[in-house]
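Next comes protein-v7.csv, with CSV, C-alpha atoms and all ligand atoms.
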chain,number,residue,atom,x,y,z
A,8,MET,CA,-2.6,-17.9,-43.6
A,9,MET,CA,-0.1,-18.3,-40.8
A,10,ARG,CA,-1.4,-16.8,-37.6
A,11,ASN,CA,0.8,-15.0,-35.2
A,12,PHE,CA,0.6,-14.3,-31.5
A,13,ASP,CA,2.6,-12.2,-29.1
A,14,GLN,CA,5.2,-14.0,-27.0
A,15,TYR,CA,3.1,-14.0,-23.8
A,16,THR,CA,0.1,-15.6,-25.6
A,17,LYS,CA,2.5,-18.2,-27.3
A,18,LYS,CA,3.9,-19.1,-23.9
A,19,ARG,CA,0.4,-19.4,-22.4
A,20,LEU,CA,-0.7,-21.6,-25.3
A,21,ASN,CA,2.3,-23.9,-25.1
A,22,HIS,CA,1.8,-24.3,-21.4
A,23,TYR,CA,-1.9,-25.0,-21.8
A,24,TYR,CA,-1.4,-27.6,-24.4
A,25,GLU,CA,1.4,-29.2,-22.4
A,26,LEU,CA,-0.9,-29.6,-19.4
A,27,LEU,CA,-3.6,-31.0,-21.7
A,28,ARG,CA,-1.2,-33.6,-23.0
A,29,GLN,CA,0.1,-34.5,-19.6
A,30,LYS,CA,-3.4,-34.9,-18.4
A,31,ALA,CA,-4.3,-37.2,-21.3
A,32,GLU,CA,-1.1,-39.2,-20.7
A,33,ARG,CA,-1.7,-39.5,-17.0
A,34,ILE,CA,-5.2,-40.9,-17.7
A,35,ARG,CA,-3.6,-43.3,-20.3
A,36,ASP,CA,-1.0,-44.5,-17.8
A,37,HIS,CA,-3.7,-45.1,-15.2
A,38,ARG,CA,-5.8,-47.1,-17.7
A,39,VAL,CA,-2.9,-49.2,-18.9
A,40,ASN,CA,-1.8,-50.0,-15.4
A,41,SER,CA,-5.3,-51.2,-14.4
A,42,ILE,CA,-5.5,-53.3,-17.5
A,43,TYR,CA,-2.1,-54.9,-16.7
A,44,GLN,CA,-3.2,-55.5,-13.1
A,45,ALA,CA,-6.4,-57.2,-14.2
A,46,TYR,CA,-4.8,-59.2,-17.1
A,47,PRO,CA,-1.2,-59.8,-16.4
A,48,GLU,CA,-1.1,-62.0,-19.6
A,49,ILE,CA,-1.6,-58.8,-21.7
A,50,LYS,CA,1.4,-57.2,-20.1
A,51,GLU,CA,3.4,-60.4,-20.7
A,52,LEU,CA,2.4,-60.3,-24.4
A,53,GLU,CA,3.4,-56.7,-24.7
A,54,ASN,CA,6.8,-57.5,-23.2
A,55,LYS,CA,7.2,-60.3,-25.6
A,56,LYS,CA,6.3,-58.0,-28.4
A,57,ILE,CA,9.1,-55.6,-27.4
A,58,GLN,CA,11.6,-58.5,-27.2
A,59,ALA,CA,10.5,-59.8,-30.6
A,60,GLY,CA,11.0,-56.3,-32.0
A,61,ILE,CA,14.5,-56.1,-30.6
A,62,GLY,CA,15.2,-59.6,-31.9
A,63,GLN,CA,14.1,-58.6,-35.4
A,64,ILE,CA,16.5,-55.6,-35.4
A,65,ARG,CA,19.3,-57.7,-34.1
A,66,ASN,CA,18.7,-60.3,-36.7
A,67,LYS,CA,18.7,-57.7,-39.4
A,68,ILE,CA,22.1,-56.4,-38.2
A,69,ASN,CA,23.6,-59.8,-37.8
A,70,GLY,CA,22.3,-61.0,-41.2
A,71,PHE,CA,20.9,-64.3,-39.8
A,72,VAL,CA,18.0,-65.5,-37.8
A,73,GLU,CA,18.7,-66.6,-34.3
A,74,LYS,CA,17.1,-69.8,-33.2
A,75,ASN,CA,15.1,-68.4,-30.2
A,76,THR,CA,13.8,-65.3,-31.9
A,77,LEU,CA,10.1,-64.8,-31.1
A,78,ASP,CA,7.8,-64.3,-34.0
A,79,LEU,CA,6.4,-60.8,-33.9
A,80,ALA,CA,3.3,-61.5,-36.1
A,81,GLU,CA,2.4,-64.5,-34.0
A,82,ILE,CA,2.6,-62.5,-30.7
A,83,ASP,CA,0.6,-59.7,-32.3
A,84,GLN,CA,-2.2,-62.0,-33.3
A,85,GLU,CA,-2.3,-63.5,-29.8
A,86,LEU,CA,-2.4,-60.1,-28.2
A,87,ILE,CA,-5.2,-58.9,-30.5
A,88,LYS,CA,-7.2,-62.1,-29.6
A,89,MET,CA,-6.7,-61.4,-25.9
A,90,LEU,CA,-7.7,-57.7,-26.1
A,91,ASN,CA,-10.8,-58.6,-28.1
A,92,LEU,CA,-11.7,-61.2,-25.5
A,93,HIS,CA,-11.6,-58.7,-22.8
A,94,ASN,CA,-13.3,-55.9,-24.8
A,95,ILE,CA,-10.2,-53.7,-24.7
A,96,PRO,CA,-9.7,-51.4,-27.6
A,97,LEU,CA,-6.6,-52.2,-29.7
A,98,ASN,CA,-5.3,-48.7,-29.3
A,99,TYR,CA,-5.6,-48.8,-25.5
A,100,MET,CA,-2.1,-47.4,-25.1
A,101,GLU,CA,-3.0,-44.2,-27.1
A,102,PRO,CA,-3.8,-41.2,-24.9
A,103,ASP,CA,-7.3,-39.9,-25.4
A,104,TYR,CA,-6.4,-36.4,-26.6
A,105,ASN,CA,-9.0,-33.6,-26.4
A,106,CYS,CA,-8.3,-32.6,-30.0
A,107,LYS,CA,-8.0,-35.5,-32.3
A,108,ILE,CA,-6.6,-33.3,-35.1
A,109,CYS,CA,-3.4,-32.0,-33.4
A,110,GLN,CA,-3.3,-34.4,-30.4
A,111,ASP,CA,-3.3,-31.4,-28.1
A,112,ARG,CA,-0.2,-29.9,-29.6
A,113,GLY,CA,-2.0,-26.8,-31.0
A,114,TRP,CA,-0.1,-27.4,-34.3
A,115,VAL,CA,-0.8,-29.2,-37.5
A,116,GLY,CA,2.1,-29.1,-39.9
A,117,ASN,CA,3.5,-25.6,-39.5
A,118,ASN,CA,0.2,-23.9,-38.6
A,119,TYR,CA,-2.0,-23.5,-35.6
A,120,CYS,CA,-4.7,-26.0,-35.2
A,121,SER,CA,-8.4,-25.0,-35.3
A,122,CYS,CA,-8.8,-25.8,-31.6
A,123,VAL,CA,-6.5,-22.8,-30.8
A,124,ASP,CA,-9.5,-20.4,-30.8
A,125,ARG,CA,-11.4,-22.4,-28.2
A,126,VAL,CA,-8.2,-22.6,-26.1
A,127,LEU,CA,-7.6,-18.9,-26.2
A,128,ILE,CA,-11.1,-18.2,-24.9
A,129,GLU,CA,-10.5,-20.6,-22.0
A,130,ILE,CA,-7.1,-19.1,-21.3
A,131,ASN,CA,-8.6,-15.6,-21.2
A,132,GLN,CA,-11.3,-16.8,-18.8
A,133,GLN,CA,-8.7,-18.2,-16.5
A,134,ASP,CA,-6.8,-15.0,-16.6
A,135,ASN,CA,-9.8,-12.9,-15.8
A,136,LEU,CA,-10.6,-15.0,-12.8
A,137,TYR,CA,-7.3,-14.0,-11.3
A,138,LEU,CA,-6.6,-10.5,-12.7
A,139,PRO,CA,-7.8,-7.0,-11.8
A,140,VAL,CA,-10.0,-5.1,-14.2
A,141,PRO,CA,-7.4,-3.8,-16.8
A,142,GLY,CA,-8.8,-0.2,-16.9
A,143,GLN,CA,-8.5,0.5,-13.2
A,144,THR,CA,-5.1,2.1,-13.2
A,145,PHE,CA,-3.3,5.1,-11.6
A,146,ALA,CA,-3.6,6.8,-15.0
A,147,ASN,CA,-7.4,6.5,-14.9
A,148,PHE,CA,-7.5,7.5,-11.2
A,149,ASP,CA,-9.5,10.8,-11.5
A,150,LEU,CA,-9.2,12.8,-8.2
A,151,SER,CA,-11.5,15.5,-9.5
A,152,VAL,CA,-14.5,13.3,-9.0
A,153,PHE,CA,-13.9,13.6,-5.2
A,154,SER,CA,-15.3,16.7,-3.5
A,155,THR,CA,-12.9,19.4,-2.3
A,156,GLN,CA,-15.4,20.4,0.4
A,157,LYS,CA,-14.5,19.6,3.9
A,158,ASN,CA,-17.4,18.0,5.8
A,159,PRO,CA,-17.9,16.9,9.4
A,160,VAL,CA,-18.8,13.3,8.5
A,161,PHE,CA,-15.6,13.0,6.6
A,162,PHE,CA,-12.4,12.6,8.7
A,163,GLN,CA,-14.1,14.9,11.3
A,164,GLY,CA,-13.9,17.7,8.8
A,165,GLN,CA,-10.1,17.7,8.9
A,166,LEU,CA,-9.7,16.6,5.2
A,167,SER,CA,-11.8,16.9,2.1
A,168,PRO,CA,-12.6,13.7,0.3
A,169,GLN,CA,-10.2,14.7,-2.4
A,170,GLU,CA,-7.4,15.4,0.0
A,171,ALA,CA,-8.0,12.0,1.6
A,172,MET,CA,-8.0,10.2,-1.7
A,173,ARG,CA,-4.9,12.0,-2.8
A,174,GLY,CA,-3.2,10.8,0.3
A,175,LEU,CA,-4.3,7.2,-0.2
A,176,ARG,CA,-3.2,7.3,-3.8
A,177,THR,CA,0.3,8.6,-2.7
A,178,ILE,CA,0.5,5.7,-0.3
A,179,ALA,CA,-0.5,3.2,-3.0
A,180,LYS,CA,2.0,4.6,-5.5
A,181,ARG,CA,4.8,4.4,-2.9
A,182,TYR,CA,3.7,0.9,-2.1
A,183,VAL,CA,4.3,0.0,-5.8
A,184,ASP,CA,7.7,1.7,-5.9
A,185,LYS,CA,8.9,-0.1,-2.7
A,186,PHE,CA,7.3,-3.4,-3.5
A,187,ARG,CA,10.5,-5.3,-4.6
A,188,ASP,CA,12.5,-4.3,-1.6
A,189,ASN,CA,9.9,-4.1,1.0
A,190,PRO,CA,6.7,-6.0,0.1
A,191,GLU,CA,4.1,-5.1,2.8
A,192,ASN,CA,0.6,-6.3,3.6
A,193,LEU,CA,-2.3,-3.8,3.2
A,194,TYR,CA,-5.7,-3.9,4.6
A,195,LEU,CA,-8.0,-1.4,2.8
A,196,PHE,CA,-11.3,-0.9,4.7
A,197,GLY,CA,-14.3,1.4,4.6
A,198,THR,CA,-17.9,1.4,3.4
A,199,THR,CA,-19.0,0.3,0.0
A,200,GLY,CA,-18.4,2.7,-2.9
A,201,THR,CA,-15.4,4.4,-1.4
A,202,GLY,CA,-12.9,3.3,-4.0
A,203,LYS,CA,-11.0,0.5,-2.1
A,204,THR,CA,-11.3,-2.0,-4.9
A,205,PHE,CA,-10.3,0.6,-7.4
A,206,LEU,CA,-7.2,1.5,-5.5
A,207,MET,CA,-6.2,-2.1,-5.0
A,208,SER,CA,-6.7,-2.7,-8.8
A,209,CYS,CA,-4.4,0.3,-9.5
A,210,ILE,CA,-1.7,-1.2,-7.3
A,211,ALA,CA,-2.2,-4.7,-8.9
A,212,ASN,CA,-2.2,-3.4,-12.5
A,213,ALA,CA,0.9,-1.3,-11.9
A,214,LEU,CA,2.8,-4.3,-10.3
A,215,SER,CA,1.5,-6.7,-13.0
A,216,ASN,CA,3.0,-4.3,-15.6
A,217,LYS,CA,6.3,-4.5,-13.7
A,218,GLY,CA,6.2,-8.3,-14.1
A,219,VAL,CA,5.0,-9.2,-10.6
A,220,ASN,CA,3.1,-12.4,-10.5
A,221,LEU,CA,-0.2,-11.8,-8.8
A,222,VAL,CA,-3.6,-13.2,-8.1
A,223,PHE,CA,-6.6,-10.9,-7.8
A,224,ILE,CA,-9.6,-12.8,-6.4
A,225,LYS,CA,-13.0,-12.0,-4.9
A,226,ALA,CA,-13.1,-13.3,-1.3
A,227,VAL,CA,-16.3,-15.2,-2.2
A,228,LYS,CA,-14.4,-17.1,-4.9
A,229,LEU,CA,-11.5,-17.8,-2.6
A,230,PHE,CA,-13.9,-19.2,0.1
A,231,GLU,CA,-15.7,-21.3,-2.5
A,232,LEU,CA,-12.4,-22.7,-3.6
A,233,MET,CA,-11.2,-23.5,-0.1
A,234,ALA,CA,-14.6,-25.1,0.8
A,235,GLN,CA,-14.3,-27.2,-2.4
A,236,ARG,CA,-10.8,-28.2,-1.5
A,237,ARG,CA,-11.9,-29.3,2.0
A,238,ILE,CA,-14.7,-31.4,0.6
A,239,LEU,CA,-12.3,-33.2,-1.7
A,240,LEU,CA,-9.8,-33.7,1.1
A,241,ASN,CA,-12.4,-35.3,3.3
A,242,SER,CA,-14.0,-37.3,0.6
A,243,PHE,CA,-13.4,-41.1,0.5
A,244,SER,CA,-12.5,-41.3,-3.2
A,245,PRO,CA,-12.2,-37.8,-4.7
A,246,ASP,CA,-12.2,-37.4,-8.5
A,247,PRO,CA,-8.4,-37.2,-9.1
A,248,GLU,CA,-8.9,-34.7,-12.0
A,249,GLU,CA,-11.0,-32.4,-10.0
A,250,GLN,CA,-8.7,-32.6,-7.0
A,251,ASP,CA,-5.8,-31.9,-9.2
A,252,LEU,CA,-7.4,-28.8,-10.7
A,253,VAL,CA,-8.5,-27.4,-7.3
A,254,ASN,CA,-5.0,-28.1,-5.8
A,255,ARG,CA,-3.4,-26.4,-8.7
A,256,LYS,CA,-5.6,-23.3,-8.3
A,257,PHE,CA,-5.0,-23.2,-4.6
A,258,ASP,CA,-1.3,-23.6,-5.1
A,259,LEU,CA,-1.3,-20.7,-7.5
A,260,ILE,CA,-3.0,-18.5,-4.9
A,261,ASN,CA,-0.8,-19.7,-2.1
A,262,LYS,CA,2.5,-19.1,-3.9
A,263,THR,CA,1.8,-16.1,-6.1
A,264,GLY,CA,4.1,-13.0,-5.6
A,265,LEU,CA,1.1,-10.8,-4.5
A,266,LEU,CA,-2.3,-12.0,-3.4
A,267,CYS,CA,-5.1,-9.4,-3.6
A,268,ILE,CA,-8.3,-10.5,-1.9
A,269,ASP,CA,-11.3,-8.3,-2.8
A,270,ASP,CA,-14.2,-7.7,-0.5
A,271,ILE,CA,-13.7,-9.8,2.6
A,272,GLY,CA,-17.1,-9.5,4.1
A,273,LEU,CA,-19.6,-11.7,5.8
A,274,GLU,CA,-20.4,-13.9,2.8
A,275,ALA,CA,-18.5,-16.9,4.1
A,276,LYS,CA,-20.1,-16.9,7.5
A,277,GLY,CA,-21.8,-20.2,6.9
A,278,LEU,CA,-18.6,-21.9,5.8
A,279,LEU,CA,-16.9,-22.0,9.2
A,280,ASN,CA,-13.9,-24.1,8.2
A,281,THR,CA,-12.8,-21.7,5.7
A,282,TYR,CA,-11.8,-19.3,8.4
A,283,SER,CA,-9.1,-21.7,9.6
A,284,ASP,CA,-8.1,-22.3,6.0
A,285,LEU,CA,-7.8,-18.5,5.5
A,286,ILE,CA,-5.6,-18.3,8.6
A,287,VAL,CA,-3.3,-21.1,7.3
A,288,LEU,CA,-3.1,-19.3,4.0
A,289,LEU,CA,-2.3,-15.9,5.6
A,290,ASP,CA,0.3,-17.6,7.9
A,291,ASP,CA,1.9,-19.5,5.0
A,292,ARG,CA,2.3,-16.3,3.0
A,293,TYR,CA,3.5,-14.3,6.0
A,294,ASN,CA,6.2,-16.9,6.8
A,295,ALA,CA,7.3,-17.0,3.1
A,296,ASN,CA,7.4,-13.1,3.1
A,297,LEU,CA,4.7,-13.1,0.3
A,298,PRO,CA,2.5,-10.0,0.7
A,299,VAL,CA,-1.3,-9.9,0.7
A,300,ILE,CA,-3.6,-6.9,0.1
A,301,MET,CA,-7.2,-7.1,1.2
A,302,THR,CA,-10.3,-4.9,0.9
A,303,SER,CA,-13.2,-5.1,3.3
A,304,ASN,CA,-16.1,-3.1,4.6
A,305,LEU,CA,-15.2,-4.4,8.1
A,306,LYS,CA,-13.1,-2.3,10.4
A,307,PRO,CA,-10.3,-4.4,12.0
A,308,SER,CA,-12.3,-4.3,15.3
A,309,GLU,CA,-15.3,-5.8,13.5
A,310,LEU,CA,-13.2,-8.6,12.2
A,311,ALA,CA,-13.0,-10.1,15.6
A,312,GLU,CA,-16.8,-10.0,16.2
A,313,ASP,CA,-18.0,-11.0,12.8
A,314,TYR,CA,-15.1,-13.2,11.6
A,315,ASP,CA,-12.6,-14.6,14.0
A,316,GLU,CA,-10.2,-13.2,16.5
A,317,ARG,CA,-7.3,-15.0,15.0
A,318,ILE,CA,-7.9,-13.2,11.7
A,319,GLN,CA,-8.2,-9.8,13.4
A,320,SER,CA,-5.0,-10.3,15.4
A,321,ARG,CA,-3.1,-11.1,12.2
A,322,ILE,CA,-4.5,-8.1,10.3
A,323,THR,CA,-3.8,-5.6,13.1
A,324,GLY,CA,-0.4,-7.1,13.7
A,325,ASN,CA,1.0,-7.6,10.2
A,326,TYR,CA,-0.9,-5.2,8.0
A,327,GLN,CA,-0.7,-1.6,7.1
A,328,LEU,CA,-4.3,-0.3,7.7
A,329,LEU,CA,-5.8,2.2,5.1
A,330,MET,CA,-9.1,3.7,6.1
A,331,PHE,CA,-11.5,4.9,3.4
A,332,GLU,CA,-14.2,7.2,4.7
A,333,GLY,CA,-17.8,6.9,3.5
A,334,PRO,CA,-18.6,9.0,0.4
A,335,ASP,CA,-19.7,12.5,0.8
A,336,ILE,CA,-23.4,12.4,0.0
A,337,ARG,CA,-23.2,15.6,-2.1
A,338,THR,CA,-20.6,14.1,-4.4
A,339,ARG,CA,-22.4,10.8,-4.8
A,340,THR,CA,-23.8,11.6,-8.2
A,341,ALA,CA,-20.5,12.8,-9.6
A,342,LYS,CA,-18.8,9.8,-8.2
A,343,GLY,CA,-21.5,7.4,-9.4
A,344,LYS,CA,-19.6,6.0,-12.3
A,345,MET,CA,-16.4,5.4,-10.3
A,346,GLU,CA,-18.4,3.7,-7.6
A,347,GLN,CA,-19.9,1.3,-10.0
A,348,ASP,CA,-16.5,0.4,-11.5
A,349,ALA,CA,-14.9,0.3,-8.1
A,350,ASP,CA,-17.0,-1.5,-5.6
B,401,ZN,ZN,-6.2,-29.2,-32.2

Show me the file's structure as structure tokens.
Amino acid sequence: MMRNFDQYTKKRLNHYYELLRQKAERIRDHRVNSIYQAYPEIKELENKKIQAGIGQIRNKINGFVEKNTLDLAEIDQELIKMLNLHNIPLNYMEPDYNCKICQDRGWVGNNYCSCVDRVLIEINQQDNLYLPVPGQTFANFDLSVFSTQKNPVFFQGQLSPQEAMRGLRTIAKRYVDKFRDNPENLYLFGTTGTGKTFLMSCIANALSNKGVNLVFIKAVKLFELMAQRRILLNSFSPDPEEQDLVNRKFDLINKTGLLCIDDIGLEAKGLLNTYSDLIVLLDDRYNANLPVIMTSNLKPSELAEDYDERIQSRITGNYQLLMFEGPDIRTRTAKGKMEQDAD
């Protein structure tokens, strides 16, 4: 049975396999180079082998054997002897593919290889790491869960929670509509359970549906990645594969059309260097006119105390600030489900 995937999945699969093959080939190149460096005689024999092959073809075309044609079989034998002597496998030039069946092509004949299922799981995991929860959309944004009762702890009794959320939703929708022409930075702040993450997810899902490339990442994950990147940068001989992976992830975050950072809190307080890394990231994106949306339970003024003044000055200078008030206690039960989903 021929399997079929949608265009997006096909593209992702192709890209994934291409990277796998490139990786296997890079490792191969590295291995071959080190063998040649250690045993130049092997490289010389390989060169002779190529010349002999060319000679053979030339002889075939000319119809006679030139005097100085190298004997291919003889060179081959000598090469094998040399490889055995140094315990080098005869197929040392073959890349070590992940999947021996399809050689990381994903195809066998004209059908998908059995390794496709495993790759699909991995691709989905990668996606989920950087995408908002799919169900958190404007269509699922239920205003009726917010109380219509005005209450002194909520915007000094000026607005009911529902009116406040309606206002925030309007701003969020307008943000989506104006995104192409005027991509702005947003800072959504307020106590836990007020729907900040939910609203940011609504924006992200709406823009993702419009084809905007975006990364949606928990602040903790981002800080972990930045710390890992720093360790690799400072390490004497970093694992090139690991470094490559971390750099690629960071590059994706740095250059994506919209970066959504969820829950900037105090989690990264121990990792002091990551603050300067965050500042560099924010500045890079600001200079490239690439927007950022952040959610946090810290007020902008608290950012300076608990985080870093340089971060606070950037947020207050370059971000539109959206305040979420604490939930009305009387509506907590009704809002329970949304809170769980949201924050
Ligand atoms: Zn395969």

What does the list of residues within 9 Å of ligand ZN 401 (chain B) look like if you count all atoms listed in the file, written as JSON, numbers by chain? {"A": [105, 106, 107, 108, 109, 110, 111, 112, 113, 114, 115, 119, 120, 121, 122, 123]}

Pull the closest atom pair for each residue of range 175-274 of chain A that gets at most 12 Å from range 14-27 of chain A, along with the distance in Å to one decimal, counting all atoms listed in the file, ordering rows by chain and then ascending residue number, as CSV.
residue,atom,partner,partner_atom,distance
A:Gly218,CA,A:Tyr15,CA,11.7
A:Glu248,CA,A:Leu27,CA,11.7
A:Asp251,CA,A:Leu26,CA,11.5
A:Leu252,CA,A:Leu26,CA,10.9
A:Arg255,CA,A:Leu26,CA,11.4

Pairwise distance, CA of Asn241 in chain A with CA of Leu297 in chain A, equals 28.2 Å

Find the spatial neighbours of Gln250 in chain A, counting all atoms listed in the file, within a cut-off of 8 Å - ignore same-chain residues fewer than 4 positions away - and output them as number ranges by chain. A: 236, 239, 245-246, 254

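Distances from A:Asp184, A:Glu231, A:Glu51, A:Asp78 to Leu285 in chain A were compared using all atoms listed in the file, and the smallest one belongs to A:Glu231.
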
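With all atoms listed in the file as the atoms that count, the minimum distance from Tyr43 in chain A to the choices A:Arg292, A:Met100, A:Phe161, A:Arg321 is reached by A:Met100.
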